[in-house]
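Asks: Got query-v1.pdb for you, PDB, C-alpha atoms:
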ATOM      1  CA  MET N   1     -23.497  -1.615   1.640  1.00  0.00           C
ATOM      2  CA  ASN N   2     -23.275   1.865   0.141  1.00  0.00           C
ATOM      3  CA  ILE N   3     -19.638   2.621  -0.697  1.00  0.00           C
ATOM      4  CA  VAL N   4     -17.522   4.366  -3.300  1.00  0.00           C
ATOM      5  CA  PHE N   5     -14.642   2.122  -4.316  1.00  0.00           C
ATOM      6  CA  ARG N   6     -12.415   1.882  -7.381  1.00  0.00           C
ATOM      7  CA  GLN N   7      -9.432  -0.358  -8.116  1.00  0.00           C
ATOM      8  CA  LEU N   8      -7.027   1.187 -10.638  1.00  0.00           C
ATOM      9  CA  PHE N   9      -4.124  -0.502 -12.421  1.00  0.00           C
ATOM     10  CA  ASP N  10      -0.748   0.692 -13.697  1.00  0.00           C
ATOM     11  CA  GLU N  11       0.437  -1.573 -16.509  1.00  0.00           C
ATOM     12  CA  GLN N  12       4.111  -0.596 -16.292  1.00  0.00           C
ATOM     13  CA  SER N  13       4.635  -1.616 -12.662  1.00  0.00           C
ATOM     14  CA  CYS N  14       1.522  -3.791 -12.232  1.00  0.00           C
ATOM     15  CA  THR N  15       0.642  -1.554  -9.287  1.00  0.00           C
ATOM     16  CA  LEU N  16      -2.889  -1.488  -7.917  1.00  0.00           C
ATOM     17  CA  THR N  17      -4.153   1.855  -6.618  1.00  0.00           C
ATOM     18  CA  TYR N  18      -7.332   2.170  -4.599  1.00  0.00           C
ATOM     19  CA  LEU N  19      -9.841   5.001  -4.364  1.00  0.00           C
ATOM     20  CA  LEU N  20     -12.243   4.932  -1.411  1.00  0.00           C
ATOM     21  CA  ALA N  21     -14.781   7.578  -0.470  1.00  0.00           C
ATOM     22  CA  ASP N  22     -17.577   8.390   1.917  1.00  0.00           C
ATOM     23  CA  PRO N  23     -20.632   8.655  -0.383  1.00  0.00           C
ATOM     24  CA  MET N  24     -22.324  11.122   1.953  1.00  0.00           C
ATOM     25  CA  THR N  25     -19.553  13.712   2.313  1.00  0.00           C
ATOM     26  CA  GLY N  26     -17.508  12.951  -0.798  1.00  0.00           C
ATOM     27  CA  ASP N  27     -14.290  12.761   1.231  1.00  0.00           C
ATOM     28  CA  ALA N  28     -11.900  10.410  -0.569  1.00  0.00           C
ATOM     29  CA  VAL N  29      -8.687   8.451   0.034  1.00  0.00           C
ATOM     30  CA  LEU N  30      -6.127   7.143  -2.467  1.00  0.00           C
ATOM     31  CA  ILE N  31      -3.898   4.236  -1.501  1.00  0.00           C
ATOM     32  CA  ASP N  32      -0.583   3.744  -3.372  1.00  0.00           C
ATOM     33  CA  SER N  33      -0.898   6.279  -6.168  1.00  0.00           C
ATOM     34  CA  VAL N  34       1.378   6.294  -9.233  1.00  0.00           C
ATOM     35  CA  ARG N  35       2.839   9.596 -10.448  1.00  0.00           C
ATOM     36  CA  GLU N  36       2.117   8.974 -14.147  1.00  0.00           C
ATOM     37  CA  HIS N  37      -1.607   8.711 -13.407  1.00  0.00           C
ATOM     38  CA  ILE N  38      -2.142  11.950 -11.467  1.00  0.00           C
ATOM     39  CA  GLY N  39      -4.299  13.347 -14.266  1.00  0.00           C
ATOM     40  CA  ARG N  40      -6.380  10.183 -14.352  1.00  0.00           C
ATOM     41  CA  TYR N  41      -7.008  10.389 -10.610  1.00  0.00           C
ATOM     42  CA  LEU N  42      -8.004  14.049 -10.745  1.00  0.00           C
ATOM     43  CA  THR N  43     -10.418  13.383 -13.597  1.00  0.00           C
ATOM     44  CA  LEU N  44     -11.998  10.492 -11.695  1.00  0.00           C
ATOM     45  CA  LEU N  45     -12.358  12.585  -8.549  1.00  0.00           C
ATOM     46  CA  GLN N  46     -14.083  15.280 -10.572  1.00  0.00           C
ATOM     47  CA  GLU N  47     -16.373  12.815 -12.325  1.00  0.00           C
ATOM     48  CA  LEU N  48     -17.445  11.296  -9.010  1.00  0.00           C
ATOM     49  CA  ASN N  49     -17.708  14.713  -7.312  1.00  0.00           C
ATOM     50  CA  LEU N  50     -15.172  13.764  -4.638  1.00  0.00           C
ATOM     51  CA  GLN N  51     -12.578  15.736  -2.717  1.00  0.00           C
ATOM     52  CA  LEU N  52      -9.307  13.993  -1.933  1.00  0.00           C
ATOM     53  CA  THR N  53      -8.500  14.216   1.775  1.00  0.00           C
ATOM     54  CA  TRP N  54      -5.870  11.522   2.355  1.00  0.00           C
ATOM     55  CA  LEU N  55      -3.068   9.897   0.357  1.00  0.00           C
ATOM     56  CA  LEU N  56      -1.903   6.661   1.972  1.00  0.00           C
ATOM     57  CA  GLU N  57       1.277   4.743   1.167  1.00  0.00           C
ATOM     58  CA  THR N  58       1.721   1.126   2.194  1.00  0.00           C
ATOM     59  CA  HIS N  59       5.528   1.616   1.978  1.00  0.00           C
ATOM     60  CA  ALA N  60       8.295   3.331   0.010  1.00  0.00           C
ATOM     61  CA  HIS N  61       7.949   1.544  -3.315  1.00  0.00           C
ATOM     62  CA  ALA N  62      10.853   0.257  -5.394  1.00  0.00           C
ATOM     63  CA  ASP N  63       9.069  -0.186  -8.739  1.00  0.00           C
ATOM     64  CA  HIS N  64       7.235   3.087  -9.335  1.00  0.00           C
ATOM     65  CA  ILE N  65       7.183   6.685  -8.148  1.00  0.00           C
ATOM     66  CA  THR N  66       4.260   7.792  -6.039  1.00  0.00           C
ATOM     67  CA  GLY N  67       1.925  10.605  -7.040  1.00  0.00           C
ATOM     68  CA  VAL N  68       1.682  11.958  -3.487  1.00  0.00           C
ATOM     69  CA  ALA N  69       3.650  15.186  -4.001  1.00  0.00           C
ATOM     70  CA  GLY N  70       1.716  16.266  -7.097  1.00  0.00           C
ATOM     71  CA  LEU N  71      -1.673  15.277  -5.747  1.00  0.00           C
ATOM     72  CA  ARG N  72      -1.013  16.910  -2.391  1.00  0.00           C
ATOM     73  CA  GLU N  73      -0.079  20.154  -4.111  1.00  0.00           C
ATOM     74  CA  VAL N  74      -3.150  20.203  -6.358  1.00  0.00           C
ATOM     75  CA  THR N  75      -5.781  18.976  -3.895  1.00  0.00           C
ATOM     76  CA  GLY N  76      -4.472  19.951  -0.469  1.00  0.00           C
ATOM     77  CA  ALA N  77      -4.867  16.371   0.714  1.00  0.00           C
ATOM     78  CA  HIS N  78      -2.744  15.057   3.599  1.00  0.00           C
ATOM     79  CA  SER N  79      -0.394  12.110   3.254  1.00  0.00           C
ATOM     80  CA  ALA N  80       0.330   9.260   5.646  1.00  0.00           C
ATOM     81  CA  SER N  81       2.549   6.199   5.809  1.00  0.00           C
ATOM     82  CA  GLY N  82       3.924   3.838   8.424  1.00  0.00           C
ATOM     83  CA  GLU N  83       6.098   5.259  11.192  1.00  0.00           C
ATOM     84  CA  HIS N  84       9.111   3.199  10.068  1.00  0.00           C
ATOM     85  CA  SER N  85       8.686   3.845   6.341  1.00  0.00           C
ATOM     86  CA  GLY N  86      11.381   6.496   6.189  1.00  0.00           C
ATOM     87  CA  ILE N  87       8.945   8.821   4.405  1.00  0.00           C
ATOM     88  CA  SER N  88       9.613  11.835   6.610  1.00  0.00           C
ATOM     89  CA  CYS N  89       7.766  14.173   4.221  1.00  0.00           C
ATOM     90  CA  ALA N  90       4.442  12.509   5.104  1.00  0.00           C
ATOM     91  CA  ASP N  91       1.996  14.681   7.011  1.00  0.00           C
ATOM     92  CA  ARG N  92       1.369  11.816   9.396  1.00  0.00           C
ATOM     93  CA  LEU N  93       3.396   8.742  10.361  1.00  0.00           C
ATOM     94  CA  LEU N  94       1.133   5.942  11.531  1.00  0.00           C
ATOM     95  CA  LYS N  95       1.613   3.499  14.364  1.00  0.00           C
ATOM     96  CA  SER N  96      -0.162   0.166  14.265  1.00  0.00           C
ATOM     97  CA  GLY N  97      -3.730   0.712  15.449  1.00  0.00           C
ATOM     98  CA  ASP N  98      -3.865   4.359  14.405  1.00  0.00           C
ATOM     99  CA  PHE N  99      -6.942   5.526  12.520  1.00  0.00           C
ATOM    100  CA  ILE N 100      -7.474   7.654   9.429  1.00  0.00           C
ATOM    101  CA  VAL N 101     -10.897   9.306   9.334  1.00  0.00           C
ATOM    102  CA  PHE N 102     -12.519  10.587   6.140  1.00  0.00           C
ATOM    103  CA  GLY N 103     -16.112  11.751   6.397  1.00  0.00           C
ATOM    104  CA  SER N 104     -17.850   9.146   8.535  1.00  0.00           C
ATOM    105  CA  GLU N 105     -15.485   6.396   7.351  1.00  0.00           C
ATOM    106  CA  VAL N 106     -12.519   4.993   9.289  1.00  0.00           C
ATOM    107  CA  ILE N 107      -9.384   3.172   8.130  1.00  0.00           C
ATOM    108  CA  ARG N 108      -7.189   1.340  10.652  1.00  0.00           C
ATOM    109  CA  ALA N 109      -3.445   1.029  10.121  1.00  0.00           C
ATOM    110  CA  ILE N 110      -1.865  -2.374  10.770  1.00  0.00           C
ATOM    111  CA  ALA N 111       1.933  -2.502  10.930  1.00  0.00           C
ATOM    112  CA  THR N 112       3.026  -5.358   8.654  1.00  0.00           C
ATOM    113  CA  PRO N 113       6.825  -5.096   8.368  1.00  0.00           C
ATOM    114  CA  GLY N 114       8.958  -7.596   6.518  1.00  0.00           C
ATOM    115  CA  HIS N 115       8.989  -6.610   2.851  1.00  0.00           C
ATOM    116  CA  THR N 116      10.316  -3.336   4.239  1.00  0.00           C
ATOM    117  CA  PRO N 117      10.473  -2.224   7.895  1.00  0.00           C
ATOM    118  CA  GLY N 118       7.745   0.374   7.357  1.00  0.00           C
ATOM    119  CA  CYS N 119       5.142  -1.675   5.492  1.00  0.00           C
ATOM    120  CA  THR N 120       1.623  -0.893   6.672  1.00  0.00           C
ATOM    121  CA  SER N 121      -1.669  -2.523   5.703  1.00  0.00           C
ATOM    122  CA  PHE N 122      -4.963  -0.640   5.855  1.00  0.00           C
ATOM    123  CA  LEU N 123      -8.211  -2.163   7.092  1.00  0.00           C
ATOM    124  CA  TRP N 124     -11.431  -0.556   5.875  1.00  0.00           C
ATOM    125  CA  ARG N 125     -14.870  -2.043   6.392  1.00  0.00           C
ATOM    126  CA  ASP N 126     -14.727  -5.635   5.068  1.00  0.00           C
ATOM    127  CA  ARG N 127     -11.427  -5.323   3.191  1.00  0.00           C
ATOM    128  CA  VAL N 128      -7.712  -5.007   3.842  1.00  0.00           C
ATOM    129  CA  PHE N 129      -5.198  -3.322   1.561  1.00  0.00           C
ATOM    130  CA  THR N 130      -2.007  -5.282   2.024  1.00  0.00           C
ATOM    131  CA  GLY N 131       0.514  -3.538  -0.240  1.00  0.00           C
ATOM    132  CA  ASP N 132       3.468  -5.859  -0.860  1.00  0.00           C
ATOM    133  CA  THR N 133       3.030  -7.773   2.403  1.00  0.00           C
ATOM    134  CA  LEU N 134       0.414 -10.262   1.233  1.00  0.00           C
ATOM    135  CA  MET N 135      -0.177 -10.905  -2.451  1.00  0.00           C
ATOM    136  CA  ILE N 136      -2.753 -13.186  -4.006  1.00  0.00           C
ATOM    137  CA  GLY N 137      -1.011 -16.526  -3.893  1.00  0.00           C
ATOM    138  CA  GLY N 138       2.263 -14.983  -2.779  1.00  0.00           C
ATOM    139  CA  CYS N 139       3.966 -12.243  -0.776  1.00  0.00           C
ATOM    140  CA  GLY N 140       6.525  -9.497  -1.155  1.00  0.00           C
ATOM    141  CA  ARG N 141      10.240 -10.215  -1.365  1.00  0.00           C
ATOM    142  CA  THR N 142      12.574  -9.520   1.562  1.00  0.00           C
ATOM    143  CA  ASP N 143      16.020  -9.191  -0.010  1.00  0.00           C
ATOM    144  CA  PHE N 144      16.385  -5.381  -0.146  1.00  0.00           C
ATOM    145  CA  GLN N 145      15.272  -2.157   1.618  1.00  0.00           C
ATOM    146  CA  GLY N 146      15.825  -3.704   5.040  1.00  0.00           C
ATOM    147  CA  GLY N 147      13.548  -6.645   4.337  1.00  0.00           C
ATOM    148  CA  HIS N 148      13.294  -9.400   6.939  1.00  0.00           C
ATOM    149  CA  ALA N 149      11.715 -12.771   6.165  1.00  0.00           C
ATOM    150  CA  GLY N 150      10.930 -13.589   9.791  1.00  0.00           C
ATOM    151  CA  ALA N 151       9.170 -10.259  10.280  1.00  0.00           C
ATOM    152  CA  LEU N 152       7.181 -10.843   7.091  1.00  0.00           C
ATOM    153  CA  PHE N 153       6.052 -14.265   8.328  1.00  0.00           C
ATOM    154  CA  ASP N 154       4.893 -12.662  11.577  1.00  0.00           C
ATOM    155  CA  SER N 155       3.055  -9.915   9.683  1.00  0.00           C
ATOM    156  CA  ILE N 156       1.265 -12.352   7.383  1.00  0.00           C
ATOM    157  CA  SER N 157       0.348 -14.449  10.424  1.00  0.00           C
ATOM    158  CA  ARG N 158      -1.146 -11.294  11.963  1.00  0.00           C
ATOM    159  CA  LEU N 159      -3.229 -10.683   8.840  1.00  0.00           C
ATOM    160  CA  MET N 160      -4.403 -14.295   8.916  1.00  0.00           C
ATOM    161  CA  THR N 161      -6.153 -13.587  12.236  1.00  0.00           C
ATOM    162  CA  LEU N 162      -8.621 -11.296  10.441  1.00  0.00           C
ATOM    163  CA  PRO N 163     -12.036 -12.810   9.698  1.00  0.00           C
ATOM    164  CA  GLY N 164     -11.843 -15.269   6.809  1.00  0.00           C
ATOM    165  CA  GLU N 165     -14.341 -13.311   4.738  1.00  0.00           C
ATOM    166  CA  THR N 166     -12.174 -10.175   4.834  1.00  0.00           C
ATOM    167  CA  LEU N 167     -11.370  -9.197   1.244  1.00  0.00           C
ATOM    168  CA  VAL N 168      -7.677  -8.949   0.373  1.00  0.00           C
ATOM    169  CA  TYR N 169      -6.653  -6.200  -2.032  1.00  0.00           C
ATOM    170  CA  PRO N 170      -2.894  -6.393  -2.750  1.00  0.00           C
ATOM    171  CA  GLY N 171      -0.480  -3.744  -3.980  1.00  0.00           C
ATOM    172  CA  HIS N 172       0.317  -5.562  -7.232  1.00  0.00           C
ATOM    173  CA  ASP N 173      -1.285  -7.880  -9.741  1.00  0.00           C
ATOM    174  CA  TYR N 174       1.045  -9.910 -11.943  1.00  0.00           C
ATOM    175  CA  LYS N 175      -1.375 -12.707 -12.853  1.00  0.00           C
ATOM    176  CA  ASN N 176      -4.713 -10.978 -13.491  1.00  0.00           C
ATOM    177  CA  MET N 177      -5.879 -11.712  -9.949  1.00  0.00           C
ATOM    178  CA  ARG N 178      -7.292  -8.564  -8.385  1.00  0.00           C
ATOM    179  CA  VAL N 179      -8.981  -9.650  -5.150  1.00  0.00           C
ATOM    180  CA  SER N 180      -8.927 -12.564  -2.760  1.00  0.00           C
ATOM    181  CA  SER N 181      -9.946 -13.201   0.850  1.00  0.00           C
ATOM    182  CA  ILE N 182      -8.134 -14.056   4.045  1.00  0.00           C
ATOM    183  CA  GLU N 183      -9.636 -17.547   4.027  1.00  0.00           C
ATOM    184  CA  GLN N 184      -8.651 -18.113   0.412  1.00  0.00           C
ATOM    185  CA  GLU N 185      -5.073 -17.120   1.183  1.00  0.00           C
ATOM    186  CA  ARG N 186      -4.999 -19.349   4.258  1.00  0.00           C
ATOM    187  CA  ILE N 187      -5.818 -22.426   2.211  1.00  0.00           C
ATOM    188  CA  SER N 188      -4.116 -21.735  -1.124  1.00  0.00           C
ATOM    189  CA  ASN N 189      -1.240 -19.249  -0.817  1.00  0.00           C
ATOM    190  CA  VAL N 190       1.793 -21.321  -1.813  1.00  0.00           C
ATOM    191  CA  ARG N 191       4.240 -19.022  -0.036  1.00  0.00           C
ATOM    192  CA  ILE N 192       2.670 -19.517   3.393  1.00  0.00           C
ATOM    193  CA  LYS N 193       0.635 -22.723   3.301  1.00  0.00           C
ATOM    194  CA  ASP N 194       2.136 -25.419   5.565  1.00  0.00           C
ATOM    195  CA  GLN N 195       5.176 -23.247   6.295  1.00  0.00           C
ATOM    196  CA  THR N 196       6.833 -22.845   9.659  1.00  0.00           C
ATOM    197  CA  ARG N 197       8.599 -19.577  10.433  1.00  0.00           C
ATOM    198  CA  GLU N 198      11.948 -21.291   9.855  1.00  0.00           C
ATOM    199  CA  SER N 199      10.968 -22.890   6.527  1.00  0.00           C
ATOM    200  CA  PHE N 200       9.473 -19.597   5.354  1.00  0.00           C
ATOM    201  CA  ILE N 201      12.710 -17.771   6.143  1.00  0.00           C
ATOM    202  CA  GLU N 202      14.693 -20.377   4.218  1.00  0.00           C
ATOM    203  CA  LEU N 203      12.327 -20.110   1.264  1.00  0.00           C
ATOM    204  CA  MET N 204      12.447 -16.319   1.137  1.00  0.00           C
ATOM    205  CA  ASN N 205      16.222 -16.197   1.532  1.00  0.00           C
ATOM    206  CA  ASN N 206      16.685 -18.396  -1.529  1.00  0.00           C
ATOM    207  CA  LEU N 207      14.344 -16.844  -4.101  1.00  0.00           C
ATOM    208  CA  ASN N 208      17.208 -15.231  -6.054  1.00  0.00           C
ATOM    209  CA  LEU N 209      14.965 -12.690  -7.776  1.00  0.00           C
ATOM    210  CA  PRO N 210      16.298 -10.037 -10.168  1.00  0.00           C
ATOM    211  CA  ARG N 211      16.863  -6.545  -8.802  1.00  0.00           C
ATOM    212  CA  PRO N 212      13.909  -4.180  -9.454  1.00  0.00           C
ATOM    213  CA  ARG N 213      14.680  -2.128 -12.536  1.00  0.00           C
ATOM    214  CA  LEU N 214      13.666   1.261 -11.095  1.00  0.00           C
ATOM    215  CA  ILE N 215      14.799   0.792  -7.502  1.00  0.00           C
ATOM    216  CA  ASP N 216      17.650   3.311  -7.603  1.00  0.00           C
ATOM    217  CA  GLU N 217      15.323   6.007  -8.921  1.00  0.00           C
ATOM    218  CA  ALA N 218      12.069   5.052  -7.237  1.00  0.00           C
ATOM    219  CA  VAL N 219      13.088   4.563  -3.607  1.00  0.00           C
ATOM    220  CA  PRO N 220      14.848   7.938  -3.146  1.00  0.00           C
ATOM    221  CA  ALA N 221      11.982   9.707  -4.929  1.00  0.00           C
ATOM    222  CA  ASN N 222       9.369   7.962  -2.796  1.00  0.00           C
ATOM    223  CA  LEU N 223      11.198   8.887   0.398  1.00  0.00           C
ATOM    224  CA  ARG N 224      10.585  12.459  -0.830  1.00  0.00           C
ATOM    225  CA  CYS N 225       6.872  11.717  -1.440  1.00  0.00           C
ATOM    226  CA  GLY N 226       7.535  11.541  -5.177  1.00  0.00           C
ATOM    227  CA  ARG N 227       9.118  14.990  -5.474  1.00  0.00           C
ATOM    228  CA  ASN N 228      11.919  15.684  -7.898  1.00  0.00           C
ATOM    229  CA  GLU N 229      15.114  16.681  -6.123  1.00  0.00           C
ATOM    230  CA  ASP N 230      14.824  20.281  -7.308  1.00  0.00           C
ATOM    231  CA  MET N 231      11.224  20.705  -6.103  1.00  0.00           C
ATOM    232  CA  ILE N 232      10.561  22.691  -2.941  1.00  0.00           C
ATOM    233  CA  ASP N 233       8.542  20.759  -0.375  1.00  0.00           C
ATOM    234  CA  ILE N 234       6.002  23.172   1.062  1.00  0.00           C
ATOM    235  CA  HIS N 235       4.913  20.467   3.498  1.00  0.00           C
ATOM    236  CA  ALA N 236       8.344  20.164   5.109  1.00  0.00           C
ATOM    237  CA  ALA N 237       8.539  21.463   8.631  1.00  0.00           C
TER     238      ALA N 237
END
Do you think you could lay out the structure here as structure tokens?

Replies:
Amino acid sequence: MNIVFRQLFDEQSCTLTYLLADPMTGDAVLIDSVREHIGRYLTLLQELNLQLTWLLETHAHADHITGVAGLREVTGAHSASGEHSGISCADRLLKSGDFIVFGSEVIRAIATPGHTPGCTSFLWRDRVFTGDTLMIGGCGRTDFQGGHAGALFDSISRLMTLPGETLVYPGHDYKNMRVSSIEQERISNVRIKDQTRESFIELMNNLNLPRPRLIDEAVPANLRCGRNEDMIDIHAA
């Protein structure tokens, strides 16, 4: 299978960013970029002779600031996120089942709310990019940003209907685990294995996790596509 695919890692937030491209046209997509690595992304695009056409966000992140605004300005790429993400500066707000086309490649959006109301997973070829909805051996928390444990259980259950061999690429890696599969998560994910919806809700409502350190800075910035407050948004209506 001839593809262009890179998985990139931010050590500060343990965020995983994904670069996908059509090898024939060179049209490329970045999923969940990090602002501090804009230069790294641009260098990689140049090295691979790619042109960035889409910047996708799985949700408005609480632990890092997205690179969408800077990358959009430099490359002219369009941005997209889920319709309930609150990211009104996005060029396109995606409903579940909507498609993003780059070259001859197609990505399908799957609404997976729960961690936040606007969480969206992206299905491309044999792999799904799950953001904070489904982690390897875990899942995103539901105790802030309008999170809802029952909705997250429903979203993970929806992802579990994908073919077992579908590769799972999450939005974070805290344990040096970078890729899994739907089948692997079905049989070994401790957050969801043998759980009913009710027991999952009880579990998630009693995690008592510390508040994300950058949430007060990151969420407002990400709702502005990563712009500083004093920046003019040329993509605003």

Asks: For the structure provided, state which residues fall under the PyMOL selection byres ((chain N and resi 133) around 8), and present them as a PDB file with C-alpha atoms, in the frame of the given file.

Replies:
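Listing of expr33.pdb after writing:
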ATOM      1  CA  THR N 112       3.026  -5.358   8.654  1.00  0.00           C
ATOM      2  CA  PRO N 113       6.825  -5.096   8.368  1.00  0.00           C
ATOM      3  CA  GLY N 114       8.958  -7.596   6.518  1.00  0.00           C
ATOM      4  CA  HIS N 115       8.989  -6.610   2.851  1.00  0.00           C
ATOM      5  CA  CYS N 119       5.142  -1.675   5.492  1.00  0.00           C
ATOM      6  CA  SER N 121      -1.669  -2.523   5.703  1.00  0.00           C
ATOM      7  CA  THR N 130      -2.007  -5.282   2.024  1.00  0.00           C
ATOM      8  CA  GLY N 131       0.514  -3.538  -0.240  1.00  0.00           C
ATOM      9  CA  ASP N 132       3.468  -5.859  -0.860  1.00  0.00           C
ATOM     10  CA  LEU N 134       0.414 -10.262   1.233  1.00  0.00           C
ATOM     11  CA  MET N 135      -0.177 -10.905  -2.451  1.00  0.00           C
ATOM     12  CA  CYS N 139       3.966 -12.243  -0.776  1.00  0.00           C
ATOM     13  CA  GLY N 140       6.525  -9.497  -1.155  1.00  0.00           C
ATOM     14  CA  LEU N 152       7.181 -10.843   7.091  1.00  0.00           C
ATOM     15  CA  SER N 155       3.055  -9.915   9.683  1.00  0.00           C
ATOM     16  CA  ILE N 156       1.265 -12.352   7.383  1.00  0.00           C
ATOM     17  CA  PRO N 170      -2.894  -6.393  -2.750  1.00  0.00           C
TER      18      PRO N 170
END

Asks: Give the answer as one residue: which of N:Leu123, N:Leu167, N:Ala62, N:Leu44 has the shortest atom-to-atom distance to Arg141 (chain N), using only C-alpha atoms?

Replies: N:Ala62

Asks: What are the nearest atom pairs, with distances in Å to one decimal, for all residues of region 51-159 of chain N that come at most 7 Å from region 176-189 of chain N, using only C-alpha atoms, set out by chain and rising residue number as a Markdown table?

Replies:
| residue | atom | partner | partner_atom | distance |
| --- | --- | --- | --- | --- |
| N:Ile136 | CA | N:Ser180 | CA | 6.3 |
| N:Gly137 | CA | N:Asn189 | CA | 4.1 |
| N:Gly138 | CA | N:Asn189 | CA | 5.9 |

Asks: Which is closer to Ile3 (chain N) than all the others in N:Tyr41, N:Phe99, N:Trp124, N:Trp54, using only C-alpha atoms?

Replies: N:Trp124

Asks: Using all atoms listed in the file for the distances, tell me which of N:Val34, N:Asn49, N:Val168, N:Gly82 is nearest to Ala69 (chain N).

Replies: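 Checking each of N:Val34, N:Asn49, N:Val168, N:Gly82 against Ala69 (chain N), counting all atoms listed in the file, the winner is N:Val34.
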
Asks: Which neighbours of Asp143 (chain N) fall inside 9 Å, counting only C-alpha atoms, when residues of the same chain fewer than 6 positions from it are skipped, and could you give them as a PyMOL selection string?

Replies: chain N and resi 115+149+204-205+207-209

Asks: Mind telling me what the PyMOL selection byres ((chain N and resi 12-19) around 8) catches here, as a compact mmCIF listing (two decimals) with C-alpha atoms, in the frame of the given file?

Replies:
# COMPACT_ATOMS: atom_id res chain seq x y z
CA VAL N 4 -17.52 4.37 -3.30
CA PHE N 5 -14.64 2.12 -4.32
CA ARG N 6 -12.42 1.88 -7.38
CA GLN N 7 -9.43 -0.36 -8.12
CA LEU N 8 -7.03 1.19 -10.64
CA PHE N 9 -4.12 -0.50 -12.42
CA ASP N 10 -0.75 0.69 -13.70
CA GLU N 11 0.44 -1.57 -16.51
CA LEU N 20 -12.24 4.93 -1.41
CA ALA N 21 -14.78 7.58 -0.47
CA ALA N 28 -11.90 10.41 -0.57
CA VAL N 29 -8.69 8.45 0.03
CA LEU N 30 -6.13 7.14 -2.47
CA ILE N 31 -3.90 4.24 -1.50
CA ASP N 32 -0.58 3.74 -3.37
CA SER N 33 -0.90 6.28 -6.17
CA VAL N 34 1.38 6.29 -9.23
CA ASP N 63 9.07 -0.19 -8.74
CA HIS N 64 7.24 3.09 -9.34
CA PRO N 170 -2.89 -6.39 -2.75
CA GLY N 171 -0.48 -3.74 -3.98
CA HIS N 172 0.32 -5.56 -7.23
CA ASP N 173 -1.28 -7.88 -9.74
CA TYR N 174 1.04 -9.91 -11.94

Asks: Which of these, N:Arg197, N:Arg125, N:Lys95, N:Arg191, has the shortest distance to Asp154 (chain N) once you count all atoms listed in the file?

Replies: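 Among the listed residues, the smallest separation from Asp154 (chain N) belongs to N:Arg197.
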
Asks: Starting from the shown file, work through the PyMOL selection byres ((chain N and resi 52) around 12) and note down what comes out as a ChimeraX atom specification.

Replies: /N:19-22,25-31,41-46,48-51,53-56,68,71-79,102-103

Asks: Just the number, please: distance in Å from CA of His148 (chain N) to CA of Ile100 (chain N), one decimal.

Replies: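 Taking CA of His148 (chain N) as the start and CA of Ile100 (chain N) as the end point, the length is 27.0 Å.
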
Asks: Between CA of Ala111 (chain N) and CA of Gly97 (chain N), what is the distance in Å, rounded to a tenth?

Replies: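 Computing it gives 7.9 Å between the two atoms.
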
Asks: Using only C-alpha atoms, find the one residue out of N:Phe129, N:Gly70, N:Ala109, N:Gly150 that sits nearest to Thr196 (chain N).

Replies: N:Gly150

Asks: Please determine, counting only C-alpha atoms, which residue among N:Asp216, N:Glu165, N:Glu57, N:Glu198 has the shortest atom-to-atom distance to Arg92 (chain N).

Replies: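 Of N:Asp216, N:Glu165, N:Glu57, N:Glu198, the one nearest Arg92 (chain N) is N:Glu57, counting only C-alpha atoms.
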
Asks: Between CA of Gly67 (chain N) and CA of Ile87 (chain N), what distance in Å does the model show, to one decimal?

Replies: 13.5 Å
